[in-house]
>>> print(open('my_file.txt').read())   # compact mmCIF, C-alpha atoms
# COMPACT_ATOMS: atom_id res chain seq x y z
CA MET X 1 126.47 69.32 -69.40
CA TYR X 2 125.92 71.64 -66.52
CA GLY X 3 129.48 71.93 -65.70
CA PRO X 4 131.43 70.38 -63.02
CA SER X 5 130.22 72.84 -60.43
CA TYR X 6 126.45 71.68 -60.46
CA ARG X 7 125.18 69.22 -57.59
CA PRO X 8 121.48 68.63 -56.71
CA ASN X 9 120.26 69.83 -53.29
CA VAL X 10 118.86 66.76 -51.43
CA GLY X 11 117.29 68.77 -48.58
CA TRP X 12 115.02 70.71 -50.84
CA ILE X 13 113.80 67.62 -52.62
CA PHE X 14 112.82 65.97 -49.28
CA THR X 15 111.02 69.13 -48.21
CA ILE X 16 108.95 69.22 -51.42
CA LEU X 17 107.95 65.56 -51.07
CA VAL X 18 106.76 66.06 -47.47
CA PHE X 19 104.69 69.06 -48.54
CA LEU X 20 103.07 67.17 -51.41
CA PHE X 21 102.23 64.28 -49.07
CA CYS X 22 100.59 66.54 -46.51
CA PHE X 23 98.68 68.40 -49.20
CA GLY X 24 97.36 65.14 -50.69
CA SER X 25 96.24 63.90 -47.33
CA ALA X 26 94.34 67.11 -46.62
CA PHE X 27 92.68 67.02 -50.04
CA ALA X 28 91.63 63.45 -49.61
CA GLN X 29 90.07 64.24 -46.16
CA ASP X 30 88.12 67.20 -47.64
CA ASN X 31 86.59 64.96 -50.34
CA ASP X 32 85.25 62.20 -47.90
CA THR X 33 81.40 61.43 -48.19
CA PRO X 34 79.03 62.67 -45.41
CA GLU X 35 78.24 59.05 -44.48
CA SER X 36 81.84 58.57 -43.43
CA VAL X 37 81.91 61.74 -41.33
CA ASP X 38 81.20 61.34 -37.63
CA ASP X 39 78.57 63.80 -36.33
CA SER X 40 80.70 64.40 -33.29
CA VAL X 41 83.61 65.77 -35.36
CA GLY X 42 83.72 69.48 -36.20
CA THR X 43 81.29 72.31 -35.64
CA PRO X 44 78.59 73.82 -37.83
CA ALA X 45 80.99 76.57 -38.85
CA GLU X 46 83.51 74.02 -40.06
CA ASN X 47 80.84 72.33 -42.20
CA ASP X 48 79.76 75.31 -44.25
CA ASP X 49 80.20 73.23 -47.38
CA TYR X 50 76.70 71.65 -46.75
CA ASP X 51 73.44 73.58 -47.28
CA ASP X 52 70.25 73.37 -45.17
CA ASP X 53 68.65 70.71 -47.39
CA ASP X 54 71.59 68.48 -46.91
CA ASP X 55 71.34 69.06 -43.17
CA ASP X 56 67.66 68.00 -43.19
CA ASP X 57 68.47 64.92 -45.16
CA ASP X 58 71.25 64.10 -42.75
CA TYR X 59 68.83 64.61 -39.82
CA ASP X 60 66.27 62.30 -41.35
CA LYS X 61 68.92 59.74 -42.04
CA ASP X 62 70.14 60.09 -38.47
CA ASP X 63 66.55 59.55 -37.17
CA LYS X 64 66.24 56.43 -39.25
CA ASN X 65 69.59 55.24 -38.02
CA ASP X 66 68.50 55.99 -34.44
CA ASP X 67 65.19 54.08 -34.97
CA SER X 68 67.02 51.14 -36.39
CA GLU X 69 69.35 51.18 -33.41
CA TYR X 70 66.25 51.30 -31.02
CA ASP X 71 64.56 48.51 -32.86
CA SER X 72 67.63 46.38 -32.57
CA ASP X 73 67.36 46.45 -28.73
CA ASP X 74 64.71 43.85 -27.61
CA SER X 75 64.42 45.24 -24.07
CA TYR X 76 63.28 48.64 -25.28
CA SER X 77 61.97 47.94 -28.78
CA SER X 78 58.38 48.54 -29.94
CA GLY X 79 58.35 44.97 -31.30
CA GLY X 80 58.36 43.61 -27.73
CA TYR X 81 55.40 45.83 -26.88
CA TYR X 82 53.50 44.68 -29.93
CA ARG X 83 54.16 41.03 -29.06
CA ALA X 84 52.81 41.54 -25.47
CA ASP X 85 49.76 43.32 -26.82
CA ALA X 86 49.11 40.45 -29.21
CA SER X 87 49.35 37.92 -26.35
CA VAL X 88 46.76 39.85 -24.32
CA LYS X 89 44.42 39.92 -27.30
CA VAL X 90 44.82 36.16 -27.75
CA LEU X 91 43.98 35.60 -24.09
CA GLU X 92 40.95 37.88 -24.32
CA LYS X 93 39.75 35.93 -27.33
CA GLN X 94 40.20 32.65 -25.50
CA VAL X 95 38.22 34.00 -22.51
CA LYS X 96 35.41 35.10 -24.81
CA ASP X 97 35.41 31.70 -26.46
CA LEU X 98 35.20 30.01 -23.06
CA GLU X 99 32.35 32.29 -21.99
CA LYS X 100 30.51 31.47 -25.16
CA LYS X 101 31.03 27.74 -24.62
CA LEU X 102 29.78 28.06 -21.03
CA GLU X 103 26.67 29.86 -22.22
CA GLU X 104 26.06 27.15 -24.78
CA GLN X 105 26.66 24.48 -22.13
CA GLU X 106 24.24 26.18 -19.74
CA LYS X 107 21.66 26.37 -22.48
CA ASP X 108 22.17 22.68 -23.24
CA ASN X 109 21.82 21.86 -19.54
CA LYS X 110 18.53 23.74 -19.34
CA ILE X 111 17.26 21.89 -22.36
CA ALA X 112 18.40 18.55 -20.90
CA SER X 113 16.78 19.39 -17.54
CA ALA X 114 13.50 20.30 -19.23
CA ARG X 115 13.61 17.06 -21.21
CA ALA X 116 14.37 15.08 -18.05
CA LYS X 117 11.41 16.64 -16.24
CA ALA X 118 9.15 15.94 -19.18
CA LEU X 119 10.41 12.35 -19.29
CA ALA X 120 9.85 11.96 -15.53
CA ALA X 121 6.31 13.27 -15.90
CA LYS X 122 5.67 10.81 -18.72
CA MET X 123 7.12 7.98 -16.63
CA GLU X 124 4.88 8.92 -13.70
CA VAL X 125 1.83 8.94 -15.94
CA LEU X 126 2.88 5.60 -17.39
CA LYS X 127 3.42 4.21 -13.87
CA GLN X 128 -0.03 5.33 -12.76
CA GLU X 129 -1.62 3.91 -15.86
CA THR X 130 0.24 0.62 -15.34
CA GLU X 131 -0.79 0.42 -11.68
CA LYS X 132 -4.35 1.21 -12.63
CA SER X 133 -4.26 -1.43 -15.33
CA VAL X 134 -2.83 -4.01 -12.92
CA LYS X 135 -5.44 -3.17 -10.30
CA GLU X 136 -8.17 -3.50 -12.85
CA SER X 137 -6.88 -6.83 -14.09
CA LEU X 138 -5.56 -8.48 -10.89
CA PHE X 139 -6.31 -8.84 -7.19
CA ASP X 140 -4.22 -7.15 -4.55
CA TRP X 141 -3.13 -9.92 -2.26
CA SER X 142 -1.39 -10.47 1.06
CA LEU X 143 -0.40 -13.51 3.11
CA PHE X 144 -0.72 -13.98 6.86
CA LEU X 145 0.36 -16.66 9.32
CA ALA X 146 0.19 -16.72 13.13
CA VAL X 147 1.48 -19.70 15.11
CA ASP X 148 0.93 -19.97 18.87
CA VAL X 149 3.12 -21.97 21.24
CA MET X 150 1.01 -22.33 24.39
CA MET X 151 2.39 -23.34 27.79
CA ALA X 152 -0.25 -23.89 30.47
CA GLN X 153 0.63 -23.76 34.14
CA THR X 154 -1.29 -26.94 35.05
CA GLU X 155 -2.01 -30.26 33.39
CA ALA X 156 -5.69 -29.37 33.30
CA ASP X 157 -4.87 -27.05 30.41
CA PRO X 158 -2.26 -28.92 28.38
CA SER X 159 0.39 -27.14 26.37
CA GLY X 160 0.59 -27.38 22.64
CA LEU X 161 1.17 -25.82 19.25
CA SER X 162 -1.66 -24.09 17.40
CA VAL X 163 -2.08 -22.31 14.10
CA LYS X 164 -4.13 -19.36 15.20
CA LYS X 165 -4.62 -18.16 11.65
CA ALA X 166 -3.25 -18.88 8.20
CA SER X 167 -4.86 -16.88 5.42
CA ILE X 168 -4.50 -15.17 2.09
CA LEU X 169 -6.31 -11.86 1.61
CA LEU X 170 -7.51 -10.96 -1.88
CA GLU X 171 -8.82 -7.48 -2.69
CA LYS X 172 -9.98 -5.92 -5.91
CA GLU X 173 -11.25 -2.41 -6.57
CA VAL X 174 -13.18 -1.36 -9.64
CA LEU X 175 -14.96 1.77 -10.79
CA ASP X 176 -12.16 3.96 -9.39
CA GLY X 177 -12.40 2.34 -5.98
CA LYS X 178 -16.14 2.78 -5.57
CA LEU X 179 -16.65 -0.98 -5.62
CA GLN X 180 -14.41 -3.33 -3.66
CA PHE X 181 -14.34 -7.12 -3.35
CA VAL X 182 -12.61 -8.74 -0.36
CA LEU X 183 -12.03 -12.47 0.04
CA GLU X 184 -9.95 -14.07 2.79
CA PRO X 185 -9.89 -17.87 2.99
CA GLU X 186 -8.32 -19.03 6.25
CA TYR X 187 -7.27 -22.14 8.13
CA VAL X 188 -7.22 -22.54 11.92
CA TYR X 189 -5.81 -25.45 13.92
CA ASP X 190 -6.24 -25.84 17.67
CA GLY X 191 -3.42 -28.05 18.89
CA ILE X 192 -4.82 -28.15 22.44
CA GLN X 193 -8.21 -29.51 21.45
CA ASN X 194 -6.89 -31.21 18.30
CA ASP X 195 -9.49 -29.40 16.26
CA HIS X 196 -9.23 -27.54 12.98
CA HIS X 197 -11.47 -25.84 10.45
CA ALA X 198 -11.21 -23.96 7.18
CA GLY X 199 -13.47 -21.25 5.87
CA PHE X 200 -13.65 -17.57 5.05
CA GLY X 201 -12.54 -15.08 7.63
CA THR X 202 -13.73 -12.26 5.38
CA ALA X 203 -15.87 -12.40 2.25
CA LEU X 204 -17.64 -9.17 1.41
CA VAL X 205 -18.60 -6.59 -1.15
CA ASP X 206 -17.98 -2.94 -0.27
CA ILE X 207 -19.77 -0.15 -2.14
CA SER X 208 -18.90 3.50 -1.61
CA LEU X 209 -22.19 5.34 -2.13
CA LEU X 210 -20.99 8.83 -1.31
CA GLU X 211 -17.27 9.46 -1.47
CA ARG X 212 -15.39 12.25 0.21
CA ASN X 213 -11.89 13.69 -0.07
CA ALA X 214 -10.26 13.17 3.31
CA THR X 215 -6.73 14.13 4.31
CA ALA X 216 -5.86 11.22 6.56
CA THR X 217 -3.21 11.88 9.18
CA GLN X 218 -1.09 9.21 10.77
CA LYS X 219 0.84 8.19 13.84
CA PRO X 220 4.56 9.12 14.02
CA ALA X 221 6.25 8.14 10.77
CA SER X 222 8.69 5.70 12.35
CA THR X 223 5.90 3.85 14.14
CA TYR X 224 3.67 3.78 11.10
CA GLU X 225 6.43 2.54 8.81
CA ILE X 226 7.73 -0.19 11.12
CA GLY X 227 4.94 -1.39 13.39
CA PHE X 228 1.16 -1.34 13.46
CA ASP X 229 -0.98 0.88 11.27
CA PRO X 230 -3.30 3.38 13.00
CA LEU X 231 -6.85 2.07 13.25
CA TYR X 232 -8.73 4.85 14.95
CA GLY X 233 -9.03 8.59 15.06
CA ARG X 234 -9.94 11.19 12.53
CA ASN X 235 -9.85 10.10 8.89
CA HIS X 236 -8.28 6.69 9.56
CA ASP X 237 -9.48 3.58 7.82
CA HIS X 238 -10.84 1.14 10.39
CA HIS X 239 -10.44 -2.57 9.93
CA GLY X 240 -13.14 -3.92 7.63
CA SER X 241 -14.44 -0.50 6.59
CA ARG X 242 -13.44 2.66 4.78
CA TYR X 243 -14.61 5.54 6.93
CA ALA X 244 -11.97 7.85 5.55
CA LYS X 245 -13.22 7.40 1.99
CA SER X 246 -16.99 7.64 2.25
CA TYR X 247 -19.72 9.70 3.84
CA LEU X 248 -21.91 6.69 3.14
CA GLY X 249 -20.94 3.11 2.33
CA LEU X 250 -22.52 -0.34 2.18
CA GLN X 251 -20.99 -3.74 3.00
CA PHE X 252 -22.45 -7.20 2.71
CA GLY X 253 -20.91 -10.55 3.65
CA MET X 254 -18.74 -12.15 6.33
CA GLN X 255 -17.07 -9.28 8.16
CA ASN X 256 -15.99 -7.73 11.42
CA ILE X 257 -18.83 -6.32 13.55
CA PRO X 258 -17.51 -3.02 14.97
CA PHE X 259 -19.11 -3.21 18.40
CA GLY X 260 -17.23 -1.25 21.05
CA VAL X 261 -13.47 -0.91 20.87
CA PHE X 262 -11.92 -4.37 21.03
CA ALA X 263 -13.96 -5.76 18.14
CA ARG X 264 -11.81 -3.77 15.75
CA TYR X 265 -8.70 -5.48 17.12
CA ASP X 266 -10.09 -9.02 17.04
CA ASP X 267 -7.50 -10.14 14.51
CA PRO X 268 -3.93 -11.36 15.16
CA SER X 269 -2.52 -8.87 12.66
CA LEU X 270 -3.94 -5.99 14.72
CA MET X 271 -3.39 -7.23 18.27
CA MET X 272 -0.39 -6.34 20.40
CA ILE X 273 -1.54 -8.87 23.00
CA PRO X 274 -1.96 -12.25 21.28
CA SER X 275 -5.13 -13.25 23.14
CA GLY X 276 -8.69 -12.00 23.44
CA ASP X 277 -10.05 -10.01 26.37
CA LEU X 278 -11.90 -11.61 29.28
CA VAL X 279 -15.06 -9.51 28.93
CA SER X 280 -15.63 -10.62 25.34
CA GLU X 281 -15.04 -14.26 26.24
CA MET X 282 -17.36 -14.32 29.26
CA SER X 283 -20.13 -12.33 27.58
CA ASP X 284 -20.03 -14.69 24.60
CA GLN X 285 -19.36 -11.86 22.16
CA SER X 286 -19.00 -12.66 18.47
CA PHE X 287 -17.16 -10.05 16.42
CA TRP X 288 -17.29 -11.86 13.08
CA ASP X 289 -20.59 -12.52 11.37
CA VAL X 290 -22.50 -12.43 8.10
CA ALA X 291 -24.00 -8.97 8.04
CA LEU X 292 -25.43 -6.16 5.99
CA ARG X 293 -23.88 -2.94 7.19
CA LEU X 294 -24.17 0.75 6.46
CA TYR X 295 -21.30 2.97 7.55
CA GLY X 296 -20.01 6.48 7.13
CA GLY X 297 -17.42 8.94 8.33
CA HIS X 298 -16.71 12.62 8.65
CA ASP X 299 -13.90 14.72 10.08
CA TRP X 300 -15.73 14.80 13.41
CA PHE X 301 -17.56 11.47 13.70
CA VAL X 302 -17.95 7.90 12.43
CA TRP X 303 -21.02 5.66 12.53
CA ASP X 304 -22.21 2.11 11.74
CA SER X 305 -25.50 0.23 11.68
CA TRP X 306 -25.93 -3.44 10.83
CA MET X 307 -28.13 -6.48 10.63
CA ALA X 308 -26.49 -9.88 11.28
CA ARG X 309 -27.22 -13.43 12.49
CA GLY X 310 -26.00 -12.88 16.06
CA ARG X 311 -25.46 -15.34 18.88
CA LEU X 312 -28.84 -17.01 18.42
CA ASP X 313 -28.29 -17.57 14.68
CA ARG X 314 -31.39 -15.60 13.85
CA TRP X 315 -31.24 -11.83 14.05
CA SER X 316 -28.91 -9.23 15.42
CA ALA X 317 -29.26 -5.50 15.01
CA GLY X 318 -26.82 -2.91 16.22
CA ALA X 319 -25.31 0.52 15.81
CA ARG X 320 -22.27 2.52 16.85
CA PHE X 321 -21.57 6.22 16.92
CA GLY X 322 -18.13 7.66 17.59
CA VAL X 323 -16.84 11.20 17.93
CA THR X 324 -13.35 12.12 16.66
CA PRO X 325 -12.54 15.58 18.03
CA MET X 326 -8.90 15.25 16.97
CA ASP X 327 -6.58 12.78 15.35
CA ARG X 328 -5.83 9.68 17.44
CA MET X 329 -8.83 10.25 19.66
CA GLU X 330 -12.26 8.67 19.53
CA PHE X 331 -15.03 8.02 22.03
CA GLY X 332 -18.52 6.76 21.55
CA LEU X 333 -21.38 4.34 22.27
CA SER X 334 -22.40 0.95 20.86
CA TYR X 335 -25.57 -1.08 21.15
CA LYS X 336 -26.73 -4.40 19.75
CA CYS X 337 -29.51 -6.85 20.35
CA ASP X 338 -29.59 -10.55 19.44
CA PHE X 339 -33.05 -12.19 19.26
CA ARG X 340 -34.93 -15.02 17.60
CA ASN X 341 -38.03 -13.02 16.77
CA PHE X 342 -39.83 -9.99 18.10
CA SER X 343 -42.26 -12.02 20.21
CA ASP X 344 -39.65 -14.33 21.76
CA GLU X 345 -38.44 -13.28 25.18
CA GLU X 346 -34.99 -14.90 24.80
CA ARG X 347 -32.49 -12.28 23.75
CA PHE X 348 -29.16 -10.65 24.50
CA GLN X 349 -28.72 -6.93 24.77
CA ASP X 350 -25.30 -5.30 24.97
CA ALA X 351 -24.36 -1.66 25.45
CA ALA X 352 -20.83 -0.32 25.59
CA ALA X 353 -19.11 3.02 26.10
CA TYR X 354 -15.56 3.26 24.82
CA PHE X 355 -12.63 5.66 24.66
CA MET X 356 -9.41 5.56 22.62
CA ALA X 357 -6.58 8.10 22.59
CA GLY X 358 -2.97 8.27 21.54
CA VAL X 359 -0.17 10.48 22.88
CA TRP X 360 3.31 10.24 21.36
CA ARG X 361 3.93 6.47 21.08
CA ILE X 362 1.44 5.48 23.77
CA ASP X 363 -2.16 4.41 23.10
CA PHE X 364 -4.96 4.02 25.63
CA LEU X 365 -8.05 1.87 25.02
CA ALA X 366 -10.89 1.65 27.55
CA GLN X 367 -14.37 0.16 27.46
CA PHE X 368 -17.29 -0.37 29.82
CA LEU X 369 -19.85 -3.07 28.99
CA TYR X 370 -23.37 -3.69 30.23
CA GLN X 371 -25.16 -6.90 29.21
CA GLU X 372 -28.66 -8.18 29.81
CA GLU X 373 -29.48 -11.81 29.11
CA ALA X 374 -33.16 -12.85 29.03
CA ARG X 375 -34.11 -16.51 29.21
CA ASP X 376 -37.21 -18.28 27.93
CA ASN X 377 -38.23 -19.06 31.51
CA GLY X 378 -38.31 -15.40 32.38
CA ASP X 379 -34.99 -15.29 34.20
CA ARG X 380 -32.74 -12.34 33.57
CA LEU X 381 -29.02 -12.05 34.12
CA TYR X 382 -27.17 -8.75 34.33
CA ASN X 383 -23.44 -8.68 33.65
CA THR X 384 -21.08 -5.72 33.77
CA GLY X 385 -17.44 -5.48 32.96
CA GLY X 386 -14.68 -3.36 31.58
CA ASN X 387 -11.25 -3.31 29.96
CA LEU X 388 -8.26 -1.02 30.07
CA GLU X 389 -5.29 -1.51 27.74
CA VAL X 390 -2.11 0.54 27.41
CA ARG X 391 0.15 0.16 24.37
CA LEU X 392 3.68 1.35 23.71
CA ASP X 393 4.97 1.21 20.14
CA ALA X 394 8.69 2.09 20.03
CA ASP X 395 9.69 1.25 16.48
CA ARG X 396 10.73 -2.41 16.39
CA LEU X 397 10.08 -3.05 20.06
CA TYR X 398 6.53 -2.83 21.34
CA GLY X 399 4.61 -3.85 24.41
CA ALA X 400 1.16 -3.76 25.97
CA ALA X 401 -0.67 -4.55 29.17
CA ARG X 402 -4.39 -5.10 29.62
CA PHE X 403 -6.61 -5.47 32.68
CA ASP X 404 -10.06 -7.06 32.33
CA GLY X 405 -12.77 -7.32 34.96
CA MET X 406 -16.24 -8.90 34.76
CA TYR X 407 -19.16 -9.31 37.16
CA MET X 408 -21.25 -12.32 36.14
CA GLY X 409 -24.57 -11.63 37.79
CA ALA X 410 -24.12 -10.66 41.41
CA ASP X 411 -22.14 -13.72 42.41
CA LYS X 412 -18.50 -13.26 41.63
CA PHE X 413 -15.95 -10.91 40.12
CA TYR X 414 -13.48 -12.32 37.61
CA TRP X 415 -10.38 -10.51 36.53
CA ARG X 416 -7.36 -11.01 34.26
CA PHE X 417 -4.07 -9.17 33.83
CA THR X 418 -2.05 -9.79 30.66
CA PRO X 419 1.33 -8.15 29.95
CA SER X 420 2.93 -8.71 26.56
CA ILE X 421 6.09 -7.73 24.69
CA GLY X 422 6.99 -8.04 21.02
CA PHE X 423 9.75 -7.40 18.54
CA TRP X 424 9.62 -6.79 14.79
CA ALA X 425 12.46 -8.97 13.49
CA TYR X 426 11.63 -7.67 10.03
CA PRO X 427 9.53 -4.47 10.04
CA LYS X 428 5.89 -5.05 9.14
CA ILE X 429 6.62 -8.59 7.92
CA PHE X 430 7.80 -10.83 10.76
CA THR X 431 7.36 -10.39 14.50
CA ILE X 432 7.69 -12.50 17.62
CA ARG X 433 5.82 -11.71 20.81
CA ALA X 434 5.24 -13.28 24.19
CA MET X 435 2.66 -12.83 26.91
CA TYR X 436 1.85 -14.13 30.37
CA GLN X 437 -1.80 -14.26 31.39
CA ILE X 438 -2.59 -13.96 35.10
CA ASN X 439 -6.17 -14.89 36.04
CA SER X 440 -8.20 -14.58 39.18
CA GLU X 441 -8.35 -18.36 39.11
CA VAL X 442 -4.67 -19.27 39.62
CA ASP X 443 -4.96 -22.59 37.82
CA ASP X 444 -5.86 -20.75 34.63
CA ASN X 445 -2.56 -18.86 34.27
CA LEU X 446 -1.06 -19.17 30.85
CA ALA X 447 2.15 -18.35 28.98
CA LEU X 448 2.18 -18.01 25.22
CA ILE X 449 4.67 -17.22 22.46
CA GLN X 450 3.37 -16.20 19.06
CA LEU X 451 5.19 -16.03 15.74
CA MET X 452 3.48 -13.84 13.17
CA ALA X 453 4.39 -13.29 9.54
CA GLN X 454 2.60 -11.22 6.93
CA TYR X 455 3.44 -10.22 3.41
>>> encode(input="my_file.txt", output="structure tokens")
Amino acid sequence: MYGPSYRPNVGWIFTILVFLFCFGSAFAQDNDTPESVDDSVGTPAENDDYDDDDDDDDYDKDDKNDDSEYDSDDSYSSGGYYRADASVKVLEKQVKDLEKKLEEQEKDNKIASARAKALAAKMEVLKQETEKSVKESLFDWSLFLAVDVMMAQTEADPSGLSVKKASILLEKEVLDGKLQFVLEPEYVYDGIQNDHHAGFGTALVDISLLERNATATQKPASTYEIGFDPLYGRNHDHHGSRYAKSYLGLQFGMQNIPFGVFARYDDPSLMMIPSGDLVSEMSDQSFWDVALRLYGGHDWFVWDSWMARGRLDRWSAGARFGVTPMDRMEFGLSYKCDFRNFSDEERFQDAAAYFMAGVWRIDFLAQFLYQEEARDNGDRLYNTGGNLEVRLDADRLYGAARFDGMYMGADKFYWRFTPSIGFWAYPKIFTIRAMYQINSEVDDNLALIQLMAQY
């Protein structure tokens, strides 16, 4: 149709196709969305197709994208900070809870402590009331036993076993201690002489007529708790009396007569040397008698006066006055007279000066005695003597030594030296002690072992 001379030009066709392809690619690139465009591509001049509002929107979107990228990193994200802050707050809350619990616990402890103190006070009151009730309804009692094993040096004084004293002591106080009853039945057996007797060692009524509030002091605590109780000195109760409790007291019955110093120790439970002194034996002293006695005590002195049967089984009158300038020290005078009646010439008169003192664990007891004995026939005998005893109380182990001397008339001087040692096998309950008695008459020497138990 075009004639035989027409032939298409292939080169031009290929050129047109390449141009169309390049043009389409450029058009497609110009119509891409902003989200697909990288901020790093192009310059602001090349992006004039976008206005300022679009730029702001893009900036906000970029900030959000940046925040989301920051949040996605745990090591730098605000979420990690918030989690740490929350942990601190939890710990603070736990600490506050613990502090609150401690305060509540402390409050509970204070309440419990107050209740415990109140309960202890009630228990103490109940204990005192119970003890008071028991004292009002029952006797206070104690048991005592002393057994002597005697070994004489010669056959003239045979050896043997003796029960020096077996007794039970009953005491009862009424009217808040103003009235006291004391009863002590005892049994004594002399194995040497094969003799025995039973009776009352003590049986008396004690009335405190004028009480006082005394602050009694004591020997060293260890000695007082283990060994012998103090029996002399300021504010101490003496055996058979209550000087520390009364300015004025009255006793009636069988009791200890407090003449001189050794009378107060004339009991196995109070003696460190388990035998009597020579002066008392040779002067025929009797320290236990039925008597009516007035007594009293003060911080600076003690005194007694009494009426008793005496050695002549009729009348005996006596008195004692002691000065206590300090604790564990006492010195004084005693006097007594035994007679049948005022017109009878037969009588015994005794006067004694005594001294007692304690230093540390050592006690000293000394006494000087003067005695006048008048006979019915007009004869008179004058006797003088004295004693010195030293005691050492070292807890469970204790010992003593005593020297006695006596002039009987003007004829002869008699003396005796007695050392002794003892041991508390069970403090204040069971003790064993031994002594050896050396006399001026050699044949009279004596060894003795004593077992003593008290409860």
>>> closest_residue(input="my_file.txt", among="X:Glu211, X:Glu184, X:Glu389, X:Glu129", to="Gly297 in chain X", atoms="only C-alpha atoms")
X:Glu211
>>> atom_distance(input="my_file.txt", atom1="CA of Lys122 in chain X", atom2="CA of Glu104 in chain X")
26.8 Å
>>> atom_distance(input="my_file.txt", atom1="CA of Gln251 in chain X", atom2="CA of Ile168 in chain X")
20.1 Å
>>> atom_distance(input="my_file.txt", atom1="CA of Gln367 in chain X", atom2="CA of Phe252 in chain X")
27.1 Å
>>> residues_around(input="my_file.txt", residues="range 169-176 of chain X", least_positions_apart="3", cutoff="10 Å", atoms="all atoms listed in the file", output="list in words")
Lys132, Lys135, Glu136, Ser137, Leu138, Phe139, Asp140, Trp141, Ser142, Leu143, Phe144, Leu179, Gln180, Phe181, Val182, Leu183, Glu184, Pro185, Glu186, Phe200, Gly201, Thr202, Ala203, Leu204, Val205, Asp206 and Ile207 of chain X
>>> closest_residue(input="my_file.txt", among="X:Phe355, X:Phe348, X:Phe430, X:Phe368", to="Asp284 in chain X", atoms="all atoms listed in the file")
X:Phe348
>>> residues_near_point(input="my_file.txt", point="(-33.0, -8.9, 17.1)", cutoff="12 Å", atoms="only C-alpha atoms", output="number ranges by chain")
X: 306-318, 335-350
>>> closest_residue(input="my_file.txt", among="X:Lys165, X:Lys107, X:Arg402, X:Arg328", to="Met272 in chain X", atoms="all atoms listed in the file")
X:Arg402
>>> closest_residue(input="my_file.txt", among="X:Asp393, X:Glu92, X:Asp404, X:Leu119", to="Ala366 in chain X", atoms="all atoms listed in the file")
X:Asp404
